[in-house]
file final.txt (compact mmCIF, C-alpha atoms)
# COMPACT_ATOMS: atom_id res chain seq x y z
CA MET A 528 -25.13 -15.97 81.98
CA ALA A 529 -28.05 -17.92 80.52
CA LEU A 530 -29.19 -14.80 78.66
CA ALA A 531 -25.71 -14.34 77.22
CA LEU A 532 -25.73 -17.96 76.06
CA VAL A 533 -29.12 -17.55 74.41
CA LEU A 534 -27.99 -14.34 72.70
CA LEU A 535 -24.82 -16.04 71.51
CA LEU A 536 -26.86 -18.96 70.18
CA LEU A 537 -29.25 -16.60 68.40
CA LEU A 538 -26.35 -14.67 66.92
CA SER A 539 -24.71 -17.85 65.62
CA VAL A 540 -28.00 -18.97 64.07
CA VAL A 541 -28.36 -15.60 62.33
CA VAL A 542 -24.75 -15.66 61.11
CA ALA A 543 -25.10 -19.26 59.94
CA PHE A 544 -28.29 -18.34 58.09
CA ARG A 545 -26.64 -15.29 56.48
CA ILE A 546 -23.69 -17.43 55.37
CA TYR A 547 -26.08 -20.06 54.01
CA VAL A 548 -27.96 -17.37 52.08
CA ALA A 549 -24.73 -15.78 50.85
CA PHE A 550 -23.32 -19.05 49.57
CA THR A 551 -26.47 -20.10 47.73
CA PRO A 552 -26.24 -19.19 44.03
CA ARG A 553 -29.00 -16.85 42.97
CA GLN A 554 -31.66 -17.46 40.38
CA ARG A 555 -31.60 -15.35 37.24
CA SER A 556 -32.81 -11.78 37.60
CA ALA A 557 -36.54 -11.31 37.15
CA PRO A 558 -37.47 -9.90 33.74
CA LYS A 559 -36.92 -6.14 33.69
CA ALA A 560 -40.15 -4.19 33.81
CA ARG A 561 -38.69 -1.52 31.54
CA PRO A 562 -36.36 -2.69 28.78
CA ALA A 563 -34.71 0.76 28.86
CA GLU A 564 -33.47 0.18 32.43
CA THR A 565 -29.65 0.12 32.58
CA CYS A 566 -27.48 -2.48 34.26
CA GLY A 567 -24.18 -1.58 35.96
CA LEU A 568 -21.42 -3.91 34.80
CA ALA A 569 -18.07 -4.71 36.39
CA VAL A 570 -15.36 -6.94 34.96
CA PHE A 571 -11.96 -8.09 36.17
CA LEU A 572 -9.22 -8.04 33.54
CA GLY A 573 -6.65 -10.63 34.56
CA SER A 574 -3.97 -9.57 32.02
CA GLY A 575 -2.77 -11.39 28.88
CA GLY A 576 -5.17 -13.98 27.52
CA HIS A 577 -7.66 -13.37 30.34
CA THR A 578 -7.98 -9.69 29.37
CA SER A 579 -8.31 -10.52 25.68
CA GLU A 580 -11.12 -13.01 26.33
CA ALA A 581 -12.95 -10.71 28.77
CA LEU A 582 -12.87 -7.79 26.34
CA SER A 583 -13.97 -10.06 23.52
CA LEU A 584 -17.03 -10.99 25.63
CA LEU A 585 -17.76 -7.31 26.37
CA HIS A 586 -17.39 -6.40 22.72
CA SER A 587 -20.69 -8.19 22.02
CA LEU A 588 -22.72 -6.16 24.53
CA ASP A 589 -25.01 -3.18 24.08
CA PHE A 590 -23.05 -0.53 26.03
CA SER A 591 -26.06 1.77 26.35
CA ARG A 592 -27.75 -1.04 28.28
CA TYR A 593 -24.71 -2.12 30.34
CA THR A 594 -23.76 1.18 31.92
CA PRO A 595 -21.92 2.38 33.95
CA ARG A 596 -18.96 0.05 33.44
CA THR A 597 -16.24 -0.66 36.00
CA TYR A 598 -12.99 -2.27 34.87
CA PHE A 599 -10.87 -3.85 37.60
CA VAL A 600 -7.25 -4.36 36.58
CA GLY A 601 -4.33 -5.78 38.54
CA VAL A 602 -1.65 -3.38 39.76
CA GLY A 603 1.10 -3.02 37.14
CA ASP A 604 -0.92 -4.05 34.09
CA PRO A 605 -0.80 -1.07 31.72
CA LEU A 606 -1.58 -3.27 28.71
CA SER A 607 -5.06 -4.10 30.01
CA VAL A 608 -5.72 -0.41 30.63
CA GLN A 609 -4.68 0.37 27.04
CA LYS A 610 -7.03 -2.31 25.75
CA VAL A 611 -9.94 -0.93 27.81
CA THR A 612 -9.29 2.52 26.40
CA ALA A 613 -9.31 1.11 22.88
CA LEU A 614 -12.57 -0.81 23.47
CA GLU A 615 -14.35 2.18 25.04
CA LEU A 616 -13.19 4.45 22.21
CA LEU A 617 -14.48 1.93 19.69
CA LYS A 618 -17.84 1.39 21.39
CA THR A 619 -18.62 4.83 22.85
CA GLY A 620 -16.06 7.27 21.44
CA THR A 621 -15.04 8.43 24.94
CA LEU A 622 -12.18 7.79 27.38
CA PRO A 623 -12.55 6.32 30.90
CA GLU A 624 -12.90 8.92 33.65
CA SER A 625 -12.53 8.97 37.38
CA THR A 626 -15.81 8.93 39.31
CA VAL A 627 -14.15 11.33 41.76
CA THR A 628 -13.78 14.08 39.17
CA ASN A 629 -16.98 13.15 37.40
CA PRO A 630 -19.64 11.23 39.35
CA ALA A 631 -21.62 10.80 36.14
CA ALA A 632 -18.76 8.97 34.38
CA GLN A 633 -20.02 6.03 32.37
CA HIS A 634 -16.86 3.98 32.75
CA ARG A 635 -13.89 3.86 35.07
CA VAL A 636 -10.77 1.78 35.67
CA LEU A 637 -9.87 0.66 39.21
CA THR A 638 -6.68 -1.14 40.17
CA ILE A 639 -6.53 -3.89 42.75
CA PRO A 640 -3.39 -5.57 44.09
CA ARG A 641 -2.84 -9.11 42.85
CA ALA A 642 -3.73 -11.93 45.24
CA ARG A 643 -0.63 -13.74 44.06
CA ARG A 644 1.99 -12.72 41.54
CA VAL A 645 3.41 -15.29 39.12
CA HIS A 646 6.14 -17.31 40.95
CA GLN A 647 5.32 -15.63 44.28
CA ASN A 648 6.42 -17.55 47.39
CA LEU A 649 3.52 -19.61 48.81
CA LEU A 650 4.34 -18.41 52.35
CA THR A 651 3.74 -14.75 51.53
CA THR A 652 0.63 -15.46 49.43
CA PRO A 653 -1.85 -15.25 52.39
CA PHE A 654 -0.67 -11.69 53.10
CA SER A 655 -0.86 -10.43 49.53
CA ALA A 656 -4.24 -12.20 49.13
CA LEU A 657 -5.57 -10.52 52.29
CA TYR A 658 -4.41 -7.10 51.10
CA SER A 659 -6.07 -7.77 47.74
CA LEU A 660 -9.28 -8.81 49.55
CA LEU A 661 -9.31 -5.61 51.65
CA VAL A 662 -8.99 -3.41 48.56
CA SER A 663 -11.65 -5.48 46.75
CA ALA A 664 -14.00 -5.23 49.72
CA TYR A 665 -13.50 -1.48 49.68
CA HIS A 666 -14.63 -1.27 46.04
CA VAL A 667 -17.39 -3.89 46.24
CA THR A 668 -18.74 -3.42 49.76
CA VAL A 669 -17.70 -0.09 51.31
CA ALA A 670 -17.62 2.40 48.42
CA PRO A 671 -21.10 1.58 47.01
CA PHE A 672 -22.47 1.82 50.57
CA LEU A 673 -20.80 5.17 51.34
CA CYS A 674 -21.47 6.72 47.96
CA ARG A 675 -25.17 5.86 47.62
CA SER A 676 -26.02 9.55 47.44
CA ARG A 677 -23.45 10.18 44.72
CA GLY A 678 -25.47 8.35 42.11
CA PRO A 679 -25.16 4.89 40.61
CA ALA A 680 -21.57 5.19 39.32
CA THR A 681 -19.96 3.11 42.08
CA ARG A 682 -22.62 0.37 42.03
CA PHE A 683 -22.78 -2.55 39.68
CA ASP A 684 -25.44 -5.19 39.13
CA VAL A 685 -23.29 -7.84 37.51
CA LEU A 686 -19.66 -8.85 37.97
CA LEU A 687 -18.01 -10.77 35.14
CA LEU A 688 -14.96 -12.88 36.00
CA ASN A 689 -12.73 -15.15 33.91
CA GLY A 690 -9.60 -15.63 36.02
CA PRO A 691 -6.90 -15.81 37.17
CA GLY A 692 -6.67 -16.05 41.00
CA THR A 693 -7.27 -12.41 41.88
CA CYS A 694 -10.82 -12.63 40.49
CA PHE A 695 -11.63 -15.10 43.30
CA VAL A 696 -10.93 -12.33 45.80
CA LEU A 697 -13.53 -10.10 44.11
CA CYS A 698 -16.01 -12.98 44.34
CA LEU A 699 -15.29 -13.25 48.09
CA ALA A 700 -15.98 -9.53 48.48
CA VAL A 701 -19.40 -10.05 46.86
CA LEU A 702 -20.11 -12.90 49.29
CA LEU A 703 -19.25 -10.51 52.13
CA ASN A 704 -22.00 -8.17 50.88
CA ARG A 705 -24.43 -11.07 50.98
CA VAL A 706 -23.44 -12.12 54.50
CA LEU A 707 -24.00 -8.51 55.58
CA GLY A 708 -27.31 -8.30 53.75
CA LEU A 709 -26.08 -5.51 51.44
CA PRO A 710 -27.06 -5.28 47.77
CA SER A 711 -24.72 -7.47 45.74
CA PRO A 712 -24.07 -7.95 42.05
CA ARG A 713 -24.77 -11.17 40.20
CA VAL A 714 -21.47 -13.01 39.64
CA ILE A 715 -20.80 -14.75 36.34
CA TYR A 716 -17.65 -16.75 35.71
CA VAL A 717 -16.65 -17.69 32.17
CA GLU A 718 -13.94 -20.35 31.87
CA SER A 719 -11.28 -19.75 29.22
CA PHE A 720 -11.59 -21.01 25.64
CA ALA A 721 -8.25 -22.70 26.34
CA ARG A 722 -9.86 -25.09 28.86
CA VAL A 723 -11.07 -28.15 26.96
CA LYS A 724 -11.05 -31.10 29.35
CA SER A 725 -9.90 -29.75 32.72
CA LEU A 726 -10.98 -26.64 34.57
CA SER A 727 -8.43 -24.03 35.64
CA LEU A 728 -7.57 -23.89 39.34
CA THR A 729 -9.54 -20.63 39.61
CA GLY A 730 -12.50 -22.28 37.87
CA LYS A 731 -12.48 -25.21 40.31
CA LEU A 732 -12.22 -22.87 43.32
CA ILE A 733 -14.86 -20.40 42.25
CA ARG A 734 -17.44 -22.82 40.83
CA PRO A 735 -19.53 -23.32 44.02
CA PHE A 736 -19.69 -19.59 44.80
CA VAL A 737 -20.74 -17.90 41.56
CA ASP A 738 -24.33 -17.43 40.40
CA SER A 739 -23.56 -18.63 36.92
CA PHE A 740 -20.66 -20.82 35.81
CA VAL A 741 -20.08 -20.89 32.07
CA VAL A 742 -17.63 -23.05 30.11
CA GLN A 743 -16.82 -23.03 26.39
CA TRP A 744 -16.19 -26.77 25.86
CA PRO A 745 -18.98 -29.22 26.86
CA ASP A 746 -16.66 -31.96 28.22
CA LEU A 747 -15.98 -29.75 31.25
CA LEU A 748 -19.54 -30.41 32.46
CA ASP A 749 -19.23 -34.21 32.23
CA ASP A 750 -18.90 -34.41 36.01
CA GLY A 751 -22.58 -33.46 36.23
CA ARG A 752 -21.92 -30.54 38.57
CA ARG A 753 -23.29 -27.05 38.02
CA GLY A 754 -22.48 -25.01 34.94
CA SER A 755 -23.64 -24.29 31.42
CA CYS A 756 -22.11 -24.34 27.97
CA TYR A 757 -23.21 -22.28 24.98
CA GLY A 758 -20.22 -23.13 22.79
CA TRP A 759 -17.39 -20.73 22.01
CA LEU A 760 -18.01 -17.19 23.24
CA VAL A 761 -14.75 -15.47 22.22
CA MET B 432 5.99 -17.96 0.19
CA ARG B 433 6.56 -17.05 3.80
CA ALA B 434 6.38 -19.09 7.01
CA PHE B 435 6.02 -17.20 10.29
CA VAL B 436 7.06 -18.82 13.58
CA THR B 437 5.80 -17.11 16.74
CA VAL B 438 5.81 -17.71 20.51
CA GLY B 439 4.00 -14.49 21.49
CA SER B 440 5.16 -13.10 24.82
CA THR B 441 6.37 -16.50 26.05
CA LYS B 442 9.70 -18.33 26.17
CA PHE B 443 9.79 -21.56 24.19
CA ASP B 444 13.42 -22.42 23.51
CA ALA B 445 12.76 -25.85 21.98
CA LEU B 446 10.38 -24.56 19.30
CA ILE B 447 12.70 -21.71 18.29
CA HIS B 448 15.73 -24.02 18.14
CA ALA B 449 13.75 -26.49 16.02
CA ALA B 450 12.52 -23.73 13.71
CA LEU B 451 16.08 -22.57 13.04
CA SER B 452 17.43 -26.10 12.54
CA ALA B 453 18.19 -27.81 9.23
CA PRO B 454 15.34 -30.40 9.38
CA VAL B 455 12.68 -27.66 9.60
CA THR B 456 14.25 -25.23 7.14
CA SER B 457 14.80 -27.96 4.56
CA ALA B 458 11.20 -29.20 5.04
CA LEU B 459 9.97 -25.64 4.45
CA GLY B 460 12.22 -25.36 1.39
CA ARG B 461 10.84 -28.62 -0.05
CA LYS B 462 7.28 -27.27 0.39
CA GLY B 463 8.20 -24.19 -1.66
CA TYR B 464 8.78 -21.64 1.10
CA THR B 465 11.37 -18.96 0.40
CA GLU B 466 11.11 -16.89 3.58
CA LEU B 467 11.13 -17.76 7.28
CA VAL B 468 10.30 -15.08 9.86
CA VAL B 469 10.82 -16.05 13.52
CA GLN B 470 9.40 -14.06 16.42
CA CYS B 471 11.26 -15.64 19.34
CA GLY B 472 9.89 -13.62 22.29
CA ASN B 473 11.80 -14.38 25.47
CA SER B 474 13.33 -17.61 24.17
CA GLU B 475 17.06 -18.13 24.49
CA VAL B 476 18.63 -17.66 21.07
CA GLU B 477 22.21 -17.11 19.96
CA GLU B 478 22.75 -13.37 19.50
CA ARG B 479 24.28 -13.85 16.04
CA VAL B 480 20.90 -14.70 14.46
CA PHE B 481 19.47 -11.24 15.16
CA GLY B 482 19.85 -8.29 12.81
CA ALA B 483 19.75 -8.45 9.05
CA PRO B 484 18.01 -11.41 7.38
CA TYR B 485 20.39 -14.21 6.37
CA GLU B 486 20.32 -17.20 4.01
CA MET B 487 19.87 -20.76 5.23
CA GLU B 488 19.06 -23.81 3.05
CA GLY B 489 17.75 -21.51 0.34
CA LEU B 490 15.50 -19.69 2.82
CA ARG B 491 15.73 -16.02 3.71
CA VAL B 492 15.62 -16.10 7.54
CA HIS B 493 14.73 -13.12 9.72
CA VAL B 494 14.71 -13.42 13.53
CA TRP B 495 13.47 -10.84 16.04
CA ARG B 496 11.97 -10.79 19.53
CA PHE B 497 8.93 -8.51 19.81
CA LYS B 498 6.63 -6.11 17.97
CA PRO B 499 3.68 -4.23 19.48
CA THR B 500 1.35 -6.24 17.25
CA LEU B 501 1.84 -9.34 15.12
CA GLU B 502 -1.19 -8.66 12.97
CA GLY B 503 0.82 -7.53 9.94
CA ASP B 504 3.05 -10.59 10.20
CA PHE B 505 0.02 -12.90 10.30
CA ASP B 506 -1.38 -11.13 7.25
CA GLU B 507 1.83 -11.59 5.26
CA ALA B 508 2.36 -15.23 6.24
CA ASP B 509 1.28 -18.21 4.12
CA LEU B 510 1.81 -20.56 7.08
CA VAL B 511 1.98 -19.80 10.81
CA ILE B 512 3.76 -22.11 13.23
CA SER B 513 3.17 -21.21 16.85
CA HIS B 514 3.01 -22.28 20.47
CA ALA B 515 -0.52 -23.41 21.36
CA GLY B 516 -1.51 -20.29 23.32
CA SER B 517 -5.23 -19.65 22.93
CA GLY B 518 -4.81 -15.95 22.08
CA THR B 519 -2.46 -16.65 19.17
CA ILE B 520 -4.63 -19.54 17.96
CA LEU B 521 -7.76 -17.34 17.87
CA ASP B 522 -5.91 -14.46 16.16
CA VAL B 523 -4.44 -16.67 13.42
CA LEU B 524 -7.51 -18.82 12.76
CA ARG B 525 -9.80 -15.77 12.60
CA LYS B 526 -7.52 -14.43 9.88
CA GLY B 527 -8.04 -17.66 7.99
CA LYS B 528 -4.31 -18.46 7.97
CA PRO B 529 -3.07 -22.08 7.95
CA LEU B 530 -1.70 -22.89 11.40
CA ILE B 531 0.49 -25.61 12.91
CA VAL B 532 0.73 -25.47 16.69
CA VAL B 533 3.38 -27.02 18.92
CA PRO B 534 2.18 -27.19 22.55
CA ASN B 535 4.79 -26.16 25.10
CA THR B 536 4.84 -29.30 27.23
CA THR B 537 7.28 -27.80 29.73
CA LEU B 538 4.59 -25.57 31.25
CA ALA B 539 3.53 -26.53 34.76
CA ASP B 540 -0.20 -26.43 34.17
CA ASN B 541 -0.25 -27.81 30.65
CA HIS B 542 -3.55 -27.20 28.95
CA GLN B 543 -2.05 -26.17 25.60
CA GLU B 544 -1.95 -29.78 24.49
CA GLU B 545 -5.70 -30.27 25.18
CA LEU B 546 -6.62 -27.24 23.10
CA ALA B 547 -4.26 -28.21 20.28
CA LYS B 548 -5.65 -31.76 20.14
CA ALA B 549 -9.29 -30.63 20.28
CA LEU B 550 -8.90 -28.05 17.49
CA SER B 551 -6.86 -30.42 15.36
CA ALA B 552 -9.52 -33.13 15.80
CA LEU B 553 -12.05 -30.59 14.46
CA GLY B 554 -9.75 -29.99 11.49
CA HIS B 555 -9.07 -26.31 12.21
CA LEU B 556 -5.29 -26.60 12.53
CA GLY B 557 -2.36 -29.00 12.55
CA ALA B 558 -0.92 -30.10 15.89
CA SER B 559 2.64 -31.27 16.19
CA THR B 560 5.55 -31.66 18.58
CA VAL B 561 9.04 -30.21 18.49
CA GLY B 562 10.45 -33.54 17.24
CA GLU B 563 7.77 -34.18 14.62
CA LEU B 564 7.62 -30.64 13.25
CA PRO B 565 9.63 -31.32 10.03
CA GLN B 566 7.38 -34.29 9.13
CA THR B 567 4.21 -32.32 10.02
CA ILE B 568 5.31 -29.51 7.69
CA LEU B 569 5.87 -32.00 4.85
CA ASP B 570 2.49 -33.74 5.41
CA PHE B 571 0.50 -30.54 6.08
CA ASP B 572 -2.24 -29.78 3.57
CA ALA B 573 -3.74 -26.34 4.23
CA SER B 574 -6.54 -26.91 1.71
CA ALA B 575 -7.84 -29.84 3.80
CA LEU B 576 -8.42 -27.64 6.89
CA THR B 577 -11.95 -26.85 8.11
CA PRO B 578 -12.56 -23.07 8.16
CA PHE B 579 -12.77 -21.69 11.69
CA PRO B 580 -16.11 -20.01 12.53
CA ALA B 581 -16.17 -16.21 12.79
CA TYR B 582 -16.59 -14.47 16.15
CA ASP B 583 -20.24 -14.77 17.19
CA GLY B 584 -21.01 -12.11 19.79
CA SER B 585 -24.73 -12.94 19.87
CA ARG B 586 -24.17 -15.93 22.19
CA PHE B 587 -22.68 -14.00 25.08
CA ARG B 588 -24.98 -11.03 24.49
CA LYS B 589 -28.00 -13.32 24.82
CA LEU B 590 -26.49 -15.15 27.79
CA LEU B 591 -25.97 -11.93 29.76
CA ASP B 592 -29.27 -10.35 28.68
CA ASP B 593 -31.10 -13.50 29.86
CA GLU B 594 -29.17 -13.52 33.14
CA MET B 595 -29.98 -9.88 33.83
CA GLY B 596 -33.64 -10.03 32.89
CA TYR B 597 -33.66 -8.36 29.48
CA THR B 598 -36.23 -10.20 27.46
CA SER B 599 -35.94 -8.25 24.23
call {"tool": "encode", "arguments": {"input": "final.txt", "output": "structure tokens"}}
result
Amino acid sequence: MALALVLLLLLSVVVAFRIYVAFTPRQRSAPKARPAETCGLAVFLGSGGHTSEALSLLHSLDFSRYTPRTYFVGVGDPLSVQKVTALELLKTGTLPESTVTNPAAQHRVLTIPRARRVHQNLLTTPFSALYSLLVSAYHVTVAPFLCRSRGPATRFDVLLLNGPGTCFVLCLAVLLNRVLGLPSPRVIYVESFARVKSLSLTGKLIRPFVDSFVVQWPDLLDDGRRGSCYGWLV
Amino acid sequence: MRAFVTVGSTKFDALIHAALSAPVTSALGRKGYTELVVQCGNSEVEERVFGAPYEMEGLRVHVWRFKPTLEGDFDEADLVISHAGSGTILDVLRKGKPLIVVPNTTLADNHQEELAKALSALGHLGASTVGELPQTILDFDASALTPFPAYDGSRFRKLLDDEMGYTS
């Protein structure tokens, strides 16, 4: 009985420590030893203005450096998929491929169910959010773990988020990796250009959990809490 | 001269009704406009306005709901009047077109007004309301606007390179 109690206590200490570690934002990555080293990039495209801003951010990047690229889109968002295709064609001259048919694919599009649809009943939201979290955890936690031998295509080193709600679920999946002690990507949240004096609900929710919280209007940091502003990015 | 009114993919009944009303069309006429194109999106509009362009207060008025891209319409406009959605604002200002925005104050989480006020305070656009739109059109001086800066991708590129440990 006493042994069981001690074990339980030890286990709770370990879990508490893991959670503490997981919820502590990480310092910037150490300088890369080789500048030619690539960095796997994942981004969530939240449809409409969110997708436009996210792709505008990606447009600035060196795609030979940030490769492979994973695009998460919400279920039923063909417009975002079209825009990804256009951006990839523009930047690389190739179309997204499935990593199942081609493990060496440099970019892929994955769909995840929305945590909450516009106007969805609040009562059913926990269920749709949980389903969304399970699918996200599969892509962020399970698949990279299972497919280690299949090359780097399912792994990513940085996850870029800019709303809306479903992106929070992807952030939770990353925290799950950290609680479990698995490799996890750096999470960067960029608040919309449209947010001048008040953060979005997603921004407020996600702020304590991301490694880097970026806004595009300086007044948003007047509360003195964490975040940085480099002016307009889109 | 052509004025282009747009609400993107949204529904903004009050702006569309105002745009097709006599106070706005006569204000546009007094400023020398001869054409008014209205992209009304999902707004509720009387069916009779759709179809062939028609005459109103000396303006040639053309109303329609959607096109795959509004780029051509922005190019051909001498003045754009729009809801204060950030996507439309960026598209129009990057084209260097004079813009008057009318925030949709009926939205639940209203941040359009903040963006409209901030950009108007910087002199990049004119901000108005549905009721004040005719007067704003009369007072609007496109030559007094401050040009909007071009897209600068180097900021985010540097931000992410720094975050991920690329020093060069």
call {"tool": "interface_residues", "arguments": {"input": "final.txt", "of": "chain A", "to": "chain B", "cutoff": "9 Å", "atoms": "all atoms listed in the file", "output": "number ranges by chain"}}
result
A: 554-562, 566, 575-576, 579-580, 583-589, 684-685, 713, 715, 719-725, 727, 739, 757-761
call {"tool": "atom_distance", "arguments": {"input": "final.txt", "atom1": "atom CA of Leu622 of chain A", "atom2": "atom CA of Tyr665 of chain A"}}
result
24.2 Å
call {"tool": "atom_distance", "arguments": {"input": "final.txt", "atom1": "atom CA of Ala458 of chain B", "atom2": "atom CA of Asp522 of chain B"}}
result
25.2 Å
call {"tool": "residues_around", "arguments": {"input": "final.txt", "residues": "Cys756 of chain A", "least_positions_apart": "4", "cutoff": "7 Å", "atoms": "only C-alpha atoms", "output": "number ranges by chain"}}
result
A: 741-745
call {"tool": "axis_aligned_box", "arguments": {"input": "final.txt", "around": "segment 447-460 of chain B", "padding_each_side": "6 Å", "output": "lines of an AutoDock Vina configuration file"}}
result
center_x = 14.1
center_y = -26.1
center_z = 9.8
size_x = 20.2
size_y = 20.7
size_z = 28.9
call {"tool": "residues_near_point", "arguments": {"input": "final.txt", "point": "(18.8, -19.7, 3.5)", "cutoff": "8 Å", "atoms": "all atoms listed in the file", "output": "MDAnalysis selection string"}}
result
chainID B and resid 485:492
call {"tool": "atom_distance", "arguments": {"input": "final.txt", "atom1": "atom CA of Arg545 of chain A", "atom2": "atom CA of Leu702 of chain A"}}
result
10.0 Å
call {"tool": "residues_around", "arguments": {"input": "final.txt", "residues": "Glu477 of chain B", "least_positions_apart": "4", "cutoff": "12 Å", "atoms": "only C-alpha atoms", "output": "ChimeraX atom specification"}}
result
/B:444,447-448,451,471,481-482,494-495
call {"tool": "write_last_selection", "arguments": {"input": "final.txt", "atoms": "C-alpha atoms", "output": "JSON list (two decimals), keeping the file's coordinate frame"}}
result
[["chain", "number", "residue", "atom", "x", "y", "z"],
["B", 444, "ASP", "CA", 13.42, -22.42, 23.51],
["B", 447, "ILE", "CA", 12.70, -21.71, 18.29],
["B", 448, "HIS", "CA", 15.73, -24.02, 18.14],
["B", 451, "LEU", "CA", 16.08, -22.57, 13.04],
["B", 471, "CYS", "CA", 11.26, -15.64, 19.34],
["B", 481, "PHE", "CA", 19.47, -11.24, 15.16],
["B", 482, "GLY", "CA", 19.85, -8.29, 12.81],
["B", 494, "VAL", "CA", 14.71, -13.42, 13.53],
["B", 495, "TRP", "CA", 13.47, -10.84, 16.04]]
call {"tool": "residues_around", "arguments": {"input": "final.txt", "residues": "Pro565 of chain B", "least_positions_apart": "2", "cutoff": "12 Å", "atoms": "only C-alpha atoms", "output": "PyMOL selection string"}}
result
chain B and resi 446+449-462+512+531+533+559-563+567-571
call {"tool": "write_last_selection", "arguments": {"input": "final.txt", "atoms": "C-alpha atoms", "output": "mmCIF file, keeping the file's coordinate frame"}}
result
data_model
loop_
_atom_site.group_PDB
_atom_site.id
_atom_site.type_symbol
_atom_site.label_atom_id
_atom_site.label_comp_id
_atom_site.auth_asym_id
_atom_site.auth_seq_id
_atom_site.Cartn_x
_atom_site.Cartn_y
_atom_site.Cartn_z
ATOM 1 C CA LEU B 446 10.380 -24.560 19.300
ATOM 2 C CA ALA B 449 13.750 -26.490 16.020
ATOM 3 C CA ALA B 450 12.520 -23.730 13.710
ATOM 4 C CA LEU B 451 16.080 -22.570 13.040
ATOM 5 C CA SER B 452 17.430 -26.100 12.540
ATOM 6 C CA ALA B 453 18.190 -27.810 9.230
ATOM 7 C CA PRO B 454 15.340 -30.400 9.380
ATOM 8 C CA VAL B 455 12.680 -27.660 9.600
ATOM 9 C CA THR B 456 14.250 -25.230 7.140
ATOM 10 C CA SER B 457 14.800 -27.960 4.560
ATOM 11 C CA ALA B 458 11.200 -29.200 5.040
ATOM 12 C CA LEU B 459 9.970 -25.640 4.450
ATOM 13 C CA GLY B 460 12.220 -25.360 1.390
ATOM 14 C CA ARG B 461 10.840 -28.620 -0.050
ATOM 15 C CA LYS B 462 7.280 -27.270 0.390
ATOM 16 C CA ILE B 512 3.760 -22.110 13.230
ATOM 17 C CA ILE B 531 0.490 -25.610 12.910
ATOM 18 C CA VAL B 533 3.380 -27.020 18.920
ATOM 19 C CA SER B 559 2.640 -31.270 16.190
ATOM 20 C CA THR B 560 5.550 -31.660 18.580
ATOM 21 C CA VAL B 561 9.040 -30.210 18.490
ATOM 22 C CA GLY B 562 10.450 -33.540 17.240
ATOM 23 C CA GLU B 563 7.770 -34.180 14.620
ATOM 24 C CA THR B 567 4.210 -32.320 10.020
ATOM 25 C CA ILE B 568 5.310 -29.510 7.690
ATOM 26 C CA LEU B 569 5.870 -32.000 4.850
ATOM 27 C CA ASP B 570 2.490 -33.740 5.410
ATOM 28 C CA PHE B 571 0.500 -30.540 6.080
#
call {"tool": "residues_near_point", "arguments": {"input": "final.txt", "point": "(-7.8, -4.6, 44.3)", "cutoff": "9 Å", "atoms": "all atoms listed in the file", "output": "list of chain:residue names"}}
result
A:Phe599, A:Val600, A:Gly601, A:Val602, A:Leu637, A:Thr638, A:Ile639, A:Pro640, A:Arg641, A:Ala642, A:Tyr658, A:Ser659, A:Leu660, A:Leu661, A:Val662, A:Ser663, A:Ala664, A:Tyr665, A:His666, A:Thr693, A:Val696, A:Leu697
call {"tool": "closest_residue", "arguments": {"input": "final.txt", "among": "B:Gln566, B:Thr441, B:Ser574, B:Thr536", "to": "Gly554 of chain B", "atoms": "all atoms listed in the file"}}
result
B:Ser574
call {"tool": "residues_around", "arguments": {"input": "final.txt", "residues": "Ala573 of chain B", "least_positions_apart": "5", "cutoff": "9 Å", "atoms": "all atoms listed in the file", "output": "PDB file with C-alpha atoms, keeping the file's coordinate frame"}}
result
ATOM      1  CA  LEU B 510       1.810 -20.560   7.080  1.00  0.00           C
ATOM      2  CA  LYS B 528      -4.310 -18.460   7.970  1.00  0.00           C
ATOM      3  CA  PRO B 529      -3.070 -22.080   7.950  1.00  0.00           C
ATOM      4  CA  LEU B 530      -1.700 -22.890  11.400  1.00  0.00           C
ATOM      5  CA  LEU B 556      -5.290 -26.600  12.530  1.00  0.00           C
ATOM      6  CA  GLY B 557      -2.360 -29.000  12.550  1.00  0.00           C
TER       7      GLY B 557
END
call {"tool": "closest_residue", "arguments": {"input": "final.txt", "among": "A:Leu707, A:Leu572, A:Cys694, A:Val542", "to": "Phe672 of chain A", "atoms": "only C-alpha atoms"}}
result
A:Leu707
call {"tool": "residues_around", "arguments": {"input": "final.txt", "residues": "segment 610-617 of chain A", "least_positions_apart": "4", "cutoff": "8 Å", "atoms": "all atoms listed in the file", "output": "ChimeraX atom specification"}}
result
/A:582,586,598,606,621-623
